[in-house]
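One structure is given below, encoded as structure tokens.
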Amino acid sequence: MTWRAFAVVTLLLATTVLQAQEAPPAPGTPPTTAPDHIPPDPPHDVMGDMSYRDMVSMMQMDDTHPFGKVMLDQLEWRHAQEGGAGAWDAQGWYGGDYNKLWVKTEGERLGGTTHDASADVLFDRVIGRWWDAQLGVRQDFGSGPARTWLAMGVQGLAPYWIDAEATLYVGDEGRVAARLKADYDLLITQRLILQPYGEANFYSKSDPRREVGDGLSDLELSLRLRYEIRRQVAPYLGIAWFKRFGDSAETGEGSNEVELVAGLRAWF
């Protein structure tokens, strides 16, 4: 057989195979199906029932283990009309996923004296995906007589990722107060963050000895630009506007002023 004859025979065989593959199945021929699923072999070692503690010991993971955090949100110096002032706004909590002990404090020191400060000790309970309910007591200290309040409120994440707090206070002699706070982190970069912040305080009765007026007593609006050296440590600079209203403006110092602020935000 010459090479020409060999090539012709090879071409004829290839054509025959292709036609056989493309040809439709003959009538009555059952359709071709994929093979049935074959399940894997059963495990050799079957794990029996175990207690929650045994599972935690084996997996090294305990969903009920308590944990905590301390946040120094504002630890700063302010250039006020009366001179340099130190201020703080901090909170910390300890507990489980649903129930926590929550402590908050804020205040200001001017001329080496605590001018106005408060501390809240609260029981915190998760009531929704984004919100916690809080109940406890608040103690005012600093200039003027100390005041004790029953505190109740909510804290959580409002729409558009705004951190918000709303707390109602009930004190002696028929006093009622409310505090609203909100802030938002605007990421300029992964480390440079601009934080708008607002706080408003309301009182049902004037308290001249603590420089508090009825109605809307005081308002703070501020911007702080921080740089996160690490997530836990971030120095910042900012500007803040403080406004006192009504009797608070008549009895308090610095009823309407803009201050430069510089401080440190840290948590652990």
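The way I read the labels, and the way they are meant: chains A, B, ... in the order of the structure tokens, residue 1 as the first residue of every chain, and ligand 1 as the first ligand shown, with later ones counted on from there.
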
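DSSP, applied to the backbone of this structure, assigns helix (DSSP H, G or I) to the following residues of region 58-238 of chain A: Met58, Met59, Asp172, Glu173, Gly174, Pro208, Arg209 and Arg210 of chain A.
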
Written selection (N, CA and C atoms) as an mmCIF file, in the first residue's frame:
```cif
data_model
loop_
_atom_site.group_PDB
_atom_site.id
_atom_site.type_symbol
_atom_site.label_atom_id
_atom_site.label_comp_id
_atom_site.auth_asym_id
_atom_site.auth_seq_id
_atom_site.Cartn_x
_atom_site.Cartn_y
_atom_site.Cartn_z
ATOM 1 N N MET A 58 -13.297 20.761 73.582
ATOM 2 C CA MET A 58 -12.783 20.156 72.361
ATOM 3 C C MET A 58 -12.508 21.199 71.289
ATOM 4 N N MET A 59 -13.435 22.174 71.110
ATOM 5 C CA MET A 59 -13.318 23.153 70.030
ATOM 6 C C MET A 59 -12.570 24.410 70.438
ATOM 7 N N ASP A 172 -34.499 63.722 91.674
ATOM 8 C CA ASP A 172 -35.337 64.097 92.806
ATOM 9 C C ASP A 172 -36.003 65.449 92.542
ATOM 10 N N GLU A 173 -36.967 65.795 93.381
ATOM 11 C CA GLU A 173 -37.701 67.050 93.285
ATOM 12 C C GLU A 173 -38.361 67.245 91.919
ATOM 13 N N GLY A 174 -38.760 66.141 91.293
ATOM 14 C CA GLY A 174 -39.461 66.210 90.023
ATOM 15 C C GLY A 174 -38.597 66.583 88.832
ATOM 16 N N PRO A 208 -29.698 76.524 88.938
ATOM 17 C CA PRO A 208 -28.631 77.527 88.847
ATOM 18 C C PRO A 208 -27.349 77.118 89.543
ATOM 19 N N ARG A 209 -27.435 76.323 90.595
ATOM 20 C CA ARG A 209 -26.229 75.937 91.320
ATOM 21 C C ARG A 209 -25.336 75.020 90.485
ATOM 22 N N ARG A 210 -25.922 74.381 89.470
ATOM 23 C CA ARG A 210 -25.133 73.573 88.544
ATOM 24 C C ARG A 210 -25.088 74.207 87.153
#
```

**Report entry** Contacts of Trp93 (chain A) at 7 Å (only C-alpha atoms; same-chain gap of 6+ positions) as an MDAnalysis selection string
**Finding:** chainID A and resid 68:70 100:103

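Atom pair CA of Gln232 (chain A) / CA of Glu76 (chain A) has a distance of 16.2 Å (rounded to one decimal).
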
Query raised in the report: So which residues of region 9-205 of chain A fall under strand (DSSP E) by DSSP, listed as a PyMOL selection string?
Result: chain A and resi 67-80+83-95+99-110+113-126+131-142+147-158+162-171+176-183+186-187+192-203

Skip Ala240 (chain A) itself and residues of its chain fewer than 5 positions away, then list as a compact mmCIF listing (two decimals) with N, CA and C atoms, in the first residue's frame all residues within 9 Å of it, counting only C-alpha atoms.
```
# COMPACT_ATOMS: atom_id res chain seq x y z
N ARG A 78 -8.80 71.71 75.34
CA ARG A 78 -9.63 72.67 74.62
C ARG A 78 -9.12 74.09 74.91
N TYR A 197 -19.66 65.20 65.32
CA TYR A 197 -20.19 64.79 66.62
C TYR A 197 -21.19 65.83 67.09
N GLU A 220 -23.58 70.94 71.72
CA GLU A 220 -22.22 70.87 71.17
C GLU A 220 -22.27 70.28 69.78
N LEU A 221 -21.61 70.95 68.83
CA LEU A 221 -21.41 70.44 67.48
C LEU A 221 -19.92 70.55 67.18
N SER A 222 -19.32 69.47 66.71
CA SER A 222 -17.87 69.49 66.53
C SER A 222 -17.45 68.59 65.38
N LEU A 223 -16.22 68.84 64.92
CA LEU A 223 -15.55 68.01 63.90
C LEU A 223 -14.17 67.67 64.43
N ARG A 224 -13.82 66.37 64.38
CA ARG A 224 -12.50 65.92 64.82
C ARG A 224 -11.88 65.08 63.71
N GLU A 257 -19.32 79.88 72.19
CA GLU A 257 -17.93 80.00 71.79
C GLU A 257 -17.51 78.85 70.89
N VAL A 258 -16.48 79.13 70.11
CA VAL A 258 -15.85 78.14 69.24
C VAL A 258 -14.48 77.84 69.80
N GLU A 259 -14.15 76.56 69.94
CA GLU A 259 -12.90 76.16 70.56
C GLU A 259 -12.11 75.23 69.63
N LEU A 260 -10.80 75.37 69.66
CA LEU A 260 -9.92 74.41 69.03
C LEU A 260 -9.64 73.28 70.01
N VAL A 261 -9.63 72.06 69.53
CA VAL A 261 -9.42 70.91 70.41
C VAL A 261 -8.31 70.04 69.83
```

Query raised in the report: Which one is closest to Leu72 (chain A): A:Val233, A:Ala182, A:Val126, A:Val121? Count only C-alpha atoms.
Result: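 Going through A:Val233, A:Ala182, A:Val126, A:Val121 one by one, the smallest distance to Leu72 (chain A) is for A:Val233.
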
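In terms of minimum interatomic distance to Gly112 (chain A), A:Ala85 ranks closest within A:Trp267, A:Tyr52, A:Ala85, A:Asp214, counting only C-alpha atoms.
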
Query - Surrounding residues of Glu199 (chain A) excluding itself and chain neighbours under 6 positions, 12 Å, only C-alpha atoms, as a ChimeraX atom specification - result: /A:89,106,163-167,178-183,216-222,240-244

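When the distance limit is 8 Å and only C-alpha atoms are what count, the residues near region 129-133 of chain A, minus those fewer than 4 positions from it on the same chain, are Asp124, Arg125, Met152, Gly153, Val154, Gln155, Gly156, Leu157 and Ala158 of chain A.
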
Query - Counting only C-alpha atoms, the residue of A:Arg109, A:Gly95, A:Ser118, A:Tyr160 that sits nearest Asp63 (chain A) - result: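 Ranking A:Arg109, A:Gly95, A:Ser118, A:Tyr160 by distance to Asp63 (chain A), first place goes to A:Gly95.
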
**Report entry** Shell of 8 Å around Gly136 (chain A), only C-alpha atoms, local chain residues under 3 positions omitted, as JSON, numbers by chain
**Finding:** {"A": [120, 121, 122, 123, 150, 151, 152]}
